[in-house]
>>> print(open('upload_21.cif').read())   # mmCIF, C-alpha atoms
data_final
loop_
_atom_site.label_atom_id
_atom_site.label_comp_id
_atom_site.auth_asym_id
_atom_site.auth_seq_id
_atom_site.Cartn_x
_atom_site.Cartn_y
_atom_site.Cartn_z
CA MET A 1320 -49.06 -42.16 -25.06
CA LYS A 1321 -49.23 -42.07 -21.31
CA LYS A 1322 -46.93 -39.86 -19.27
CA VAL A 1323 -43.76 -41.76 -18.57
CA LEU A 1324 -41.23 -41.99 -15.82
CA LYS A 1325 -39.03 -38.90 -15.84
CA LEU A 1326 -35.56 -40.23 -15.23
CA SER A 1327 -32.33 -40.91 -17.06
CA VAL A 1328 -31.09 -44.47 -16.71
CA ALA A 1329 -28.61 -46.69 -18.43
CA VAL A 1330 -29.50 -48.86 -21.38
CA THR A 1331 -27.19 -51.71 -22.28
CA LEU A 1332 -26.86 -55.39 -23.24
CA LEU A 1333 -29.15 -58.11 -21.73
CA ALA A 1334 -28.05 -61.70 -21.19
CA SER A 1335 -29.87 -63.48 -18.35
CA LEU A 1336 -33.21 -64.38 -16.78
CA LEU A 1337 -35.59 -62.50 -14.57
CA VAL A 1338 -38.08 -63.48 -11.98
CA GLY A 1339 -39.17 -67.09 -12.00
CA CYS A 1340 -40.56 -69.88 -9.87
CA GLY A 1341 -39.15 -72.77 -7.85
CA THR A 1342 -37.45 -72.79 -4.47
CA ASN A 1343 -33.72 -73.16 -4.09
CA LYS A 1344 -31.30 -72.89 -1.23
CA THR A 1345 -27.65 -72.98 -2.15
CA THR A 1346 -24.45 -72.25 -0.32
CA THR A 1347 -21.37 -70.56 -1.72
CA SER A 1348 -18.31 -69.20 0.00
CA GLY A 1349 -16.61 -65.80 0.53
CA LYS A 1350 -14.44 -63.78 3.12
CA PRO A 1351 -16.06 -61.64 5.82
CA GLY A 1352 -15.59 -57.94 6.19
CA GLY A 1353 -13.45 -56.77 9.08
CA ALA A 1354 -14.62 -57.78 12.55
CA ASP A 1355 -12.98 -58.35 15.92
CA ALA A 1356 -11.90 -61.83 17.02
CA SER A 1357 -15.12 -62.51 18.95
CA GLN A 1358 -18.50 -64.17 18.72
CA ALA A 1359 -19.53 -61.26 16.49
CA GLU A 1360 -16.84 -62.27 14.04
CA VAL A 1361 -18.09 -65.87 13.98
CA ASN A 1362 -21.66 -64.66 13.28
CA ASN A 1363 -20.27 -62.30 10.68
CA LYS A 1364 -18.89 -65.22 8.67
CA GLU A 1365 -22.32 -66.33 7.46
CA LEU A 1366 -24.80 -64.33 5.38
CA THR A 1367 -28.35 -65.36 4.46
CA ILE A 1368 -29.78 -63.67 1.36
CA TYR A 1369 -33.39 -63.90 0.17
CA THR A 1370 -33.79 -63.16 -3.53
CA ALA A 1371 -36.11 -63.46 -6.55
CA LEU A 1372 -33.22 -63.36 -9.02
CA GLU A 1373 -32.70 -66.39 -11.27
CA ASP A 1374 -30.11 -69.01 -10.34
CA ASP A 1375 -27.77 -68.28 -13.24
CA GLN A 1376 -27.95 -64.55 -12.49
CA ILE A 1377 -26.99 -65.15 -8.88
CA LYS A 1378 -23.93 -67.18 -9.83
CA SER A 1379 -22.54 -64.58 -12.22
CA TYR A 1380 -23.45 -61.59 -10.07
CA LEU A 1381 -21.77 -62.94 -6.95
CA GLU A 1382 -18.39 -63.60 -8.55
CA THR A 1383 -16.82 -60.25 -7.66
CA PHE A 1384 -18.26 -60.31 -4.13
CA LYS A 1385 -16.99 -63.85 -3.53
CA LYS A 1386 -13.51 -62.94 -4.71
CA ALA A 1387 -13.29 -60.35 -1.94
CA HIS A 1388 -14.92 -62.64 0.67
CA SER A 1389 -13.54 -66.10 0.04
CA ASP A 1390 -14.19 -67.38 3.59
CA LEU A 1391 -17.77 -66.19 3.90
CA LYS A 1392 -20.59 -68.75 3.92
CA ILE A 1393 -23.41 -67.39 1.76
CA ASN A 1394 -26.86 -68.98 2.05
CA ILE A 1395 -29.05 -68.13 -0.93
CA VAL A 1396 -32.80 -68.64 -0.52
CA ARG A 1397 -34.43 -68.12 -3.92
CA ASP A 1398 -38.02 -68.20 -5.08
CA SER A 1399 -40.54 -66.19 -7.08
CA THR A 1400 -41.42 -62.72 -5.80
CA GLY A 1401 -44.75 -63.64 -4.23
CA VAL A 1402 -43.33 -66.65 -2.42
CA ILE A 1403 -40.31 -64.73 -1.11
CA THR A 1404 -42.59 -61.92 0.11
CA ALA A 1405 -44.90 -64.37 1.88
CA LYS A 1406 -41.92 -66.17 3.46
CA LEU A 1407 -40.46 -62.94 4.81
CA LEU A 1408 -43.82 -61.85 6.23
CA ALA A 1409 -44.30 -65.26 7.87
CA GLU A 1410 -40.89 -64.89 9.52
CA LYS A 1411 -41.54 -61.36 10.75
CA ASP A 1412 -41.19 -62.26 14.45
CA ASN A 1413 -38.19 -64.52 13.86
CA PRO A 1414 -36.37 -63.22 10.76
CA GLN A 1415 -34.01 -65.68 9.09
CA ALA A 1416 -32.75 -63.48 6.24
CA ASP A 1417 -30.03 -60.88 6.72
CA VAL A 1418 -30.71 -59.04 3.47
CA VAL A 1419 -33.19 -59.04 0.58
CA TRP A 1420 -31.59 -58.73 -2.85
CA GLY A 1421 -33.16 -58.26 -6.28
CA THR A 1422 -36.78 -58.49 -5.14
CA ALA A 1423 -39.65 -56.23 -6.29
CA ALA A 1424 -39.69 -52.78 -4.71
CA THR A 1425 -43.45 -53.15 -4.16
CA SER A 1426 -42.67 -56.18 -1.97
CA LEU A 1427 -40.00 -54.30 -0.03
CA LEU A 1428 -42.48 -51.47 0.49
CA VAL A 1429 -44.87 -54.03 2.01
CA LEU A 1430 -42.08 -55.20 4.32
CA ASN A 1431 -41.37 -51.60 5.29
CA GLN A 1432 -45.05 -51.01 6.04
CA ASN A 1433 -44.68 -53.91 8.50
CA SER A 1434 -41.55 -52.33 10.08
CA MET A 1435 -39.34 -55.17 8.86
CA LEU A 1436 -36.56 -53.17 7.16
CA GLU A 1437 -33.66 -51.40 8.84
CA PRO A 1438 -32.81 -48.05 7.21
CA TYR A 1439 -29.37 -48.12 5.62
CA ALA A 1440 -27.64 -45.92 3.04
CA PRO A 1441 -25.17 -48.12 1.16
CA LYS A 1442 -21.98 -46.57 -0.14
CA GLY A 1443 -22.64 -44.86 -3.47
CA VAL A 1444 -26.40 -44.51 -2.92
CA GLU A 1445 -26.20 -40.93 -4.20
CA ARG A 1446 -25.51 -42.41 -7.67
CA VAL A 1447 -28.93 -44.09 -7.72
CA VAL A 1448 -31.61 -41.95 -9.40
CA PRO A 1449 -34.36 -40.81 -6.99
CA GLU A 1450 -37.15 -42.83 -8.64
CA PHE A 1451 -35.23 -46.03 -7.92
CA LYS A 1452 -34.84 -45.69 -4.14
CA ASP A 1453 -36.78 -44.93 -0.98
CA THR A 1454 -37.31 -41.20 -0.40
CA ALA A 1455 -36.40 -41.53 3.29
CA ASN A 1456 -32.90 -40.65 4.48
CA PRO A 1457 -31.40 -43.14 5.12
CA PRO A 1458 -33.44 -45.27 2.70
CA THR A 1459 -35.02 -48.59 3.62
CA TRP A 1460 -34.72 -49.93 0.06
CA VAL A 1461 -32.51 -49.21 -2.94
CA GLY A 1462 -33.22 -50.38 -6.50
CA ILE A 1463 -30.82 -51.93 -8.98
CA ASP A 1464 -32.86 -52.27 -12.20
CA ALA A 1465 -36.37 -52.36 -13.69
CA TRP A 1466 -38.29 -54.94 -15.70
CA GLU A 1467 -41.47 -54.48 -17.73
CA THR A 1468 -44.53 -56.15 -19.25
CA ALA A 1469 -44.23 -57.58 -22.75
CA PHE A 1470 -46.19 -60.04 -24.88
CA VAL A 1471 -44.23 -62.98 -26.26
CA VAL A 1472 -46.03 -64.32 -29.34
CA ASN A 1473 -45.29 -67.46 -31.36
CA THR A 1474 -45.40 -66.24 -34.96
CA LYS A 1475 -45.64 -69.72 -36.52
CA GLU A 1476 -48.62 -70.68 -34.39
CA MET A 1477 -50.34 -67.39 -35.16
CA GLU A 1478 -49.76 -67.84 -38.91
CA LYS A 1479 -51.13 -71.37 -38.68
CA ARG A 1480 -54.33 -69.96 -37.20
CA ASN A 1481 -54.35 -66.94 -39.54
CA LEU A 1482 -54.31 -64.60 -36.54
CA SER A 1483 -52.65 -61.19 -36.19
CA ILE A 1484 -50.05 -60.38 -33.52
CA PRO A 1485 -51.62 -58.49 -30.56
CA GLN A 1486 -50.15 -55.01 -30.12
CA SER A 1487 -52.08 -53.74 -27.10
CA TYR A 1488 -53.81 -54.85 -23.91
CA GLU A 1489 -57.14 -54.22 -25.67
CA ASP A 1490 -56.16 -56.64 -28.45
CA LEU A 1491 -55.79 -59.44 -25.91
CA VAL A 1492 -59.54 -59.64 -25.25
CA LYS A 1493 -60.44 -60.30 -28.90
CA PRO A 1494 -62.54 -63.50 -29.11
CA GLU A 1495 -60.20 -65.13 -31.63
CA TYR A 1496 -57.56 -65.46 -28.89
CA LYS A 1497 -59.77 -67.57 -26.63
CA GLY A 1498 -57.69 -70.20 -24.81
CA LEU A 1499 -54.44 -69.08 -26.47
CA ILE A 1500 -53.04 -66.83 -23.74
CA THR A 1501 -51.12 -67.51 -20.55
CA MET A 1502 -49.92 -65.02 -17.94
CA PRO A 1503 -48.38 -65.17 -14.46
CA ASN A 1504 -50.49 -65.39 -11.32
CA PRO A 1505 -49.86 -62.01 -9.63
CA ALA A 1506 -49.94 -63.57 -6.16
CA ALA A 1507 -46.92 -65.70 -7.07
CA SER A 1508 -45.10 -63.60 -9.65
CA GLY A 1509 -43.77 -60.06 -9.56
CA THR A 1510 -44.28 -59.91 -13.32
CA GLY A 1511 -47.92 -60.88 -12.87
CA PHE A 1512 -48.45 -58.21 -10.23
CA LEU A 1513 -46.75 -55.40 -12.17
CA THR A 1514 -49.00 -56.22 -15.15
CA VAL A 1515 -52.18 -56.22 -13.08
CA SER A 1516 -51.14 -53.03 -11.29
CA ALA A 1517 -50.47 -51.42 -14.70
CA LEU A 1518 -54.02 -52.21 -15.81
CA VAL A 1519 -55.42 -50.72 -12.59
CA GLN A 1520 -53.38 -47.54 -13.03
CA LEU A 1521 -54.07 -47.18 -16.75
CA MET A 1522 -57.81 -47.87 -16.63
CA GLY A 1523 -58.93 -47.25 -13.06
CA LYS A 1524 -60.09 -50.10 -10.81
CA ASP A 1525 -63.61 -50.65 -12.14
CA LYS A 1526 -62.62 -50.69 -15.81
CA ALA A 1527 -59.54 -52.77 -15.03
CA TRP A 1528 -61.58 -55.53 -13.34
CA THR A 1529 -64.07 -55.50 -16.20
CA PHE A 1530 -61.17 -55.79 -18.65
CA MET A 1531 -59.59 -58.65 -16.67
CA ASP A 1532 -62.94 -60.49 -16.64
CA LYS A 1533 -62.85 -60.41 -20.45
CA LEU A 1534 -59.16 -61.35 -20.53
CA HIS A 1535 -59.88 -64.30 -18.23
CA ASP A 1536 -62.12 -65.78 -20.93
CA ASN A 1537 -59.08 -65.94 -23.24
CA ILE A 1538 -56.61 -67.25 -20.64
CA GLY A 1539 -55.64 -70.91 -20.86
CA MET A 1540 -53.65 -70.88 -17.62
CA TYR A 1541 -52.12 -68.57 -15.02
CA THR A 1542 -48.58 -69.72 -14.25
CA GLN A 1543 -46.68 -69.61 -10.96
CA SER A 1544 -43.67 -68.10 -12.74
CA GLY A 1545 -43.12 -64.83 -14.56
CA SER A 1546 -40.88 -66.42 -17.18
CA LYS A 1547 -43.01 -69.50 -17.93
CA PRO A 1548 -45.45 -67.75 -20.32
CA SER A 1549 -42.45 -66.82 -22.49
CA LYS A 1550 -41.24 -70.41 -22.53
CA MET A 1551 -44.71 -71.74 -23.34
CA ALA A 1552 -45.05 -69.24 -26.18
CA GLY A 1553 -41.67 -70.37 -27.46
CA THR A 1554 -42.76 -74.01 -27.63
CA GLY A 1555 -46.20 -73.07 -28.99
CA GLU A 1556 -48.09 -74.66 -26.09
CA TYR A 1557 -49.80 -71.30 -25.62
CA PRO A 1558 -49.03 -68.97 -28.55
CA ILE A 1559 -49.37 -65.74 -26.54
CA GLY A 1560 -47.51 -65.27 -23.27
CA ILE A 1561 -47.90 -62.17 -21.11
CA SER A 1562 -44.46 -62.01 -19.54
CA PHE A 1563 -41.54 -59.56 -19.45
CA GLY A 1564 -39.27 -58.12 -22.10
CA TYR A 1565 -35.97 -59.71 -21.32
CA ARG A 1566 -37.30 -63.28 -21.10
CA GLY A 1567 -39.01 -62.97 -24.48
CA ILE A 1568 -35.85 -61.56 -26.05
CA THR A 1569 -33.76 -64.46 -24.72
CA GLU A 1570 -36.31 -66.95 -26.05
CA LYS A 1571 -36.00 -65.35 -29.49
CA LYS A 1572 -32.20 -65.33 -29.32
CA GLY A 1573 -32.35 -69.01 -28.41
CA GLY A 1574 -34.13 -69.77 -31.68
CA ALA A 1575 -37.78 -69.75 -30.64
CA PRO A 1576 -40.12 -68.37 -33.38
CA VAL A 1577 -41.41 -65.54 -31.22
CA GLN A 1578 -42.01 -61.82 -31.53
CA VAL A 1579 -41.67 -59.61 -28.46
CA VAL A 1580 -44.33 -56.91 -28.27
CA PHE A 1581 -44.37 -54.02 -25.80
CA PRO A 1582 -48.04 -52.97 -25.40
CA LYS A 1583 -48.81 -49.65 -27.06
CA GLU A 1584 -50.59 -48.32 -23.94
CA GLY A 1585 -47.30 -48.65 -22.03
CA SER A 1586 -45.65 -51.42 -20.00
CA GLY A 1587 -46.21 -52.08 -16.35
CA TRP A 1588 -42.93 -52.21 -14.44
CA ASP A 1589 -41.31 -52.67 -11.07
CA VAL A 1590 -37.86 -52.19 -9.59
CA GLU A 1591 -35.65 -55.03 -8.40
CA ALA A 1592 -34.42 -53.76 -5.06
CA ASN A 1593 -32.34 -54.52 -1.98
CA GLY A 1594 -32.94 -54.02 1.73
CA LEU A 1595 -31.55 -54.79 5.20
CA ILE A 1596 -33.77 -56.98 7.37
CA LYS A 1597 -34.40 -55.57 10.84
CA LYS A 1598 -32.96 -57.91 13.48
CA LYS A 1599 -31.72 -57.67 17.07
CA ALA A 1600 -28.13 -58.05 15.86
CA LEU A 1601 -27.21 -56.69 12.45
CA LYS A 1602 -24.19 -58.25 10.78
CA PRO A 1603 -21.53 -55.86 9.43
CA ILE A 1604 -21.17 -58.17 6.43
CA ALA A 1605 -24.84 -57.59 5.56
CA LYS A 1606 -24.19 -53.87 5.17
CA GLU A 1607 -21.03 -54.62 3.22
CA PHE A 1608 -23.03 -56.81 0.86
CA LEU A 1609 -25.53 -53.99 0.26
CA ASP A 1610 -22.61 -51.64 -0.47
CA TRP A 1611 -21.35 -54.09 -3.06
CA ALA A 1612 -24.84 -54.66 -4.50
CA ILE A 1613 -24.94 -51.12 -5.96
CA SER A 1614 -21.22 -50.87 -6.71
CA GLU A 1615 -19.81 -50.32 -10.18
CA ASP A 1616 -18.83 -54.00 -10.40
CA ALA A 1617 -22.37 -55.14 -9.60
CA MET A 1618 -23.97 -52.59 -11.91
CA LYS A 1619 -21.83 -53.83 -14.80
CA GLU A 1620 -23.24 -57.31 -14.23
CA TYR A 1621 -26.83 -56.07 -14.01
CA ASN A 1622 -26.18 -54.17 -17.25
CA LYS A 1623 -25.61 -57.47 -19.02
CA ASN A 1624 -29.17 -58.47 -18.17
CA TYR A 1625 -31.43 -55.43 -18.06
CA ALA A 1626 -32.19 -52.51 -20.34
CA ILE A 1627 -32.87 -50.13 -17.45
CA ILE A 1628 -30.64 -49.85 -14.39
CA SER A 1629 -30.78 -47.54 -11.41
CA VAL A 1630 -27.49 -45.69 -11.85
CA LYS A 1631 -27.03 -42.99 -14.50
CA ASN A 1632 -24.66 -44.05 -17.23
CA GLU A 1633 -25.17 -42.15 -20.44
CA GLY A 1634 -23.94 -43.34 -23.83
CA ASN A 1635 -24.56 -47.08 -23.69
CA LYS A 1636 -26.27 -48.79 -26.63
CA ILE A 1637 -29.89 -49.88 -26.47
CA PRO A 1638 -30.14 -53.68 -26.18
CA GLU A 1639 -31.32 -55.61 -29.21
CA GLY A 1640 -35.05 -56.30 -29.12
CA TYR A 1641 -36.01 -53.26 -27.06
CA GLU A 1642 -37.77 -50.03 -27.91
CA LYS A 1643 -35.53 -47.18 -29.06
CA ASP A 1644 -36.05 -45.60 -25.65
CA PRO A 1645 -37.05 -48.26 -23.09
CA VAL A 1646 -37.86 -45.65 -20.45
CA LYS A 1647 -40.54 -44.07 -22.64
CA GLN A 1648 -42.27 -47.44 -22.89
CA LEU A 1649 -42.98 -47.45 -19.15
CA ILE A 1650 -46.29 -46.26 -17.71
CA LYS A 1651 -46.45 -43.67 -14.96
CA ASN A 1652 -46.23 -45.96 -11.95
CA ASP A 1653 -47.02 -45.21 -8.29
CA LEU A 1654 -45.08 -47.93 -6.49
CA ASN A 1655 -46.09 -46.76 -3.00
CA THR A 1656 -49.82 -46.83 -3.79
CA MET A 1657 -49.54 -50.21 -5.47
CA ALA A 1658 -47.71 -51.62 -2.44
CA LYS A 1659 -50.43 -50.34 -0.10
CA GLU A 1660 -53.17 -51.80 -2.31
CA ARG A 1661 -51.33 -55.03 -3.08
CA ASP A 1662 -53.20 -57.28 -0.62
CA GLY A 1663 -56.60 -56.01 -1.71
CA ILE A 1664 -55.78 -56.38 -5.40
CA LEU A 1665 -54.47 -59.90 -4.93
CA THR A 1666 -57.44 -60.97 -2.81
CA GLU A 1667 -59.86 -59.73 -5.47
CA TRP A 1668 -57.83 -61.26 -8.28
CA GLN A 1669 -57.72 -64.68 -6.62
CA LYS A 1670 -61.46 -64.59 -5.89
CA ARG A 1671 -62.22 -63.92 -9.54
CA PHE A 1672 -59.57 -65.81 -11.50
CA ASP A 1673 -57.64 -68.36 -9.41
CA SER A 1674 -59.63 -71.27 -10.89
CA LYS A 1675 -57.30 -71.27 -13.93
CA SER A 1676 -54.06 -71.07 -11.94
CA GLU A 1677 -51.32 -73.63 -12.37
CA ALA A 1678 -50.95 -75.90 -9.33
CA LYS A 1679 -48.32 -74.74 -6.85
CA LYS A 1680 -45.17 -76.84 -6.68
#
>>> encode(input="upload_21.cif", output="structure tokens")
Amino acid sequence: MKKVLKLSVAVTLLASLLVGCGTNKTTTSGKPGGADASQAEVNNKELTIYTALEDDQIKSYLETFKKAHSDLKINIVRDSTGVITAKLLAEKDNPQADVVWGTAATSLLVLNQNSMLEPYAPKGVERVVPEFKDTANPPTWVGIDAWETAFVVNTKEMEKRNLSIPQSYEDLVKPEYKGLITMPNPAASGTGFLTVSALVQLMGKDKAWTFMDKLHDNIGMYTQSGSKPSKMAGTGEYPIGISFGYRGITEKKGGAPVQVVFPKEGSGWDVEANGLIKKKALKPIAKEFLDWAISEDAMKEYNKNYAIISVKNEGNKIPEGYEKDPVKQLIKNDLNTMAKERDGILTEWQKRFDSKSEAKK
């Protein structure tokens, strides 16, 4: 068993989706935080949020914020992690977003390396465990929860083929699984990248690329979404989906004949995090949103979806379908190093394996 993350985090009930694919821009309404009757107040009545959270998560999460801000126009720009990261980087010289919400910490670290985040300590940031926030004071990013690698396996399809359920990364390269596996493209999906980065950290770069060469032989397709391999495993289109824990658990709860397996070597993971985009004029409402985003109300909502959240809260029950101690399932993960090496890893991955990627929408 690898060394694991040394922290104490909440474990509770899950009920929603994680990172996925597909672009959406929606508008909801709310009431701005206090501002003077001026042009600043007019600007402060509209907030643009970039996020990799799922649509149904966004709707339920925002309810308490909207109740307190019923006149505020909220523009939600949603896509998969890789697409959101690329969009933000492309807009570096003319930023459109006010805040980033629920997007991989490794992506926010890339933004910070490009001087795109404004340091801000939201109210209550002291409640967030150190491993889930920037070490700078004030921090440039603050996490809300973590998600991890899991295999979602269709038991009926495996029985039909007289195949055993894979329990480890090493199992995935067995020749009998040829063409039966799908996983997310790490350039598009945060789930894909956290899995690839886990292999690099567990094995070292050379062994990891050799392993991924063998895995590639068994891959039927690389998806543009982190959740799609779970769905495809659920339907049996590809019996083995490398995805993330929560999505597999929801597929099973929905009646799909799947088993959710957390790899015995340890799961790759990342933190869903928030940050303030650096702009010439910062909106007070943007800071107020980030205050709310780690508030007790918001954390209660995240707790309905994720096994591991960023604020200590002892005594909650472990969600059904998870390991007895979800934290112990996580590998030792160097988020800063992975963020610095992200471009190089993705370039190499695409050069080797992009031929089997699903077409971009």
>>> resolve_selection(input="upload_21.cif", expression="the PyMOL selection byres ((chain A and resi 1606) around 10)", output="count of residues only")
20
>>> closest_residue(input="upload_21.cif", among="A:Val1590, A:Ala1506, A:Val1577, A:Leu1499", to="Ile1627 (chain A)", atoms="only C-alpha atoms")
A:Val1590
>>> resolve_selection(input="upload_21.cif", expression="the PyMOL selection byres ((chain A and resi 1661) around 10)", output="list of chain:residue names")
A:Thr1425, A:Ser1426, A:Val1429, A:Pro1505, A:Ala1506, A:Phe1512, A:Ser1516, A:Asn1655, A:Thr1656, A:Met1657, A:Ala1658, A:Lys1659, A:Glu1660, A:Asp1662, A:Gly1663, A:Ile1664, A:Leu1665, A:Thr1666
>>> residues_around(input="upload_21.cif", residues="Glu1489 (chain A)", least_positions_apart="2", cutoff="10 Å", atoms="all atoms listed in the file", output="number ranges by chain")
A: 1485-1487, 1491-1493, 1530, 1533-1534, 1582-1584
>>> closest_residue(input="upload_21.cif", among="A:Glu1570, A:Glu1373, A:Asp1412, A:Glu1445", to="Arg1397 (chain A)", atoms="only C-alpha atoms")
A:Glu1373
>>> resolve_selection(input="upload_21.cif", expression="the PyMOL selection byres ((chain A and resi 1618) around 10)", output="list in words")
Ala1329, Tyr1380, Ile1463, Asp1464, Trp1611, Ala1612, Ile1613, Ser1614, Glu1615, Asp1616, Ala1617, Lys1619, Glu1620, Tyr1621, Asn1622, Lys1623, Ile1628, Ser1629 and Val1630 of chain A
>>> write_last_selection(input="upload_21.cif", atoms="C-alpha atoms", output="PDB file, in the coordinates of the input")
ATOM      1  CA  ALA A1329     -28.610 -46.690 -18.430  1.00  0.00           C
ATOM      2  CA  TYR A1380     -23.450 -61.590 -10.070  1.00  0.00           C
ATOM      3  CA  ILE A1463     -30.820 -51.930  -8.980  1.00  0.00           C
ATOM      4  CA  ASP A1464     -32.860 -52.270 -12.200  1.00  0.00           C
ATOM      5  CA  TRP A1611     -21.350 -54.090  -3.060  1.00  0.00           C
ATOM      6  CA  ALA A1612     -24.840 -54.660  -4.500  1.00  0.00           C
ATOM      7  CA  ILE A1613     -24.940 -51.120  -5.960  1.00  0.00           C
ATOM      8  CA  SER A1614     -21.220 -50.870  -6.710  1.00  0.00           C
ATOM      9  CA  GLU A1615     -19.810 -50.320 -10.180  1.00  0.00           C
ATOM     10  CA  ASP A1616     -18.830 -54.000 -10.400  1.00  0.00           C
ATOM     11  CA  ALA A1617     -22.370 -55.140  -9.600  1.00  0.00           C
ATOM     12  CA  LYS A1619     -21.830 -53.830 -14.800  1.00  0.00           C
ATOM     13  CA  GLU A1620     -23.240 -57.310 -14.230  1.00  0.00           C
ATOM     14  CA  TYR A1621     -26.830 -56.070 -14.010  1.00  0.00           C
ATOM     15  CA  ASN A1622     -26.180 -54.170 -17.250  1.00  0.00           C
ATOM     16  CA  LYS A1623     -25.610 -57.470 -19.020  1.00  0.00           C
ATOM     17  CA  ILE A1628     -30.640 -49.850 -14.390  1.00  0.00           C
ATOM     18  CA  SER A1629     -30.780 -47.540 -11.410  1.00  0.00           C
ATOM     19  CA  VAL A1630     -27.490 -45.690 -11.850  1.00  0.00           C
TER      20      VAL A1630
END
>>> atom_distance(input="upload_21.cif", atom1="CA of Pro1457 (chain A)", atom2="CA of Asn1363 (chain A)")
22.8 Å
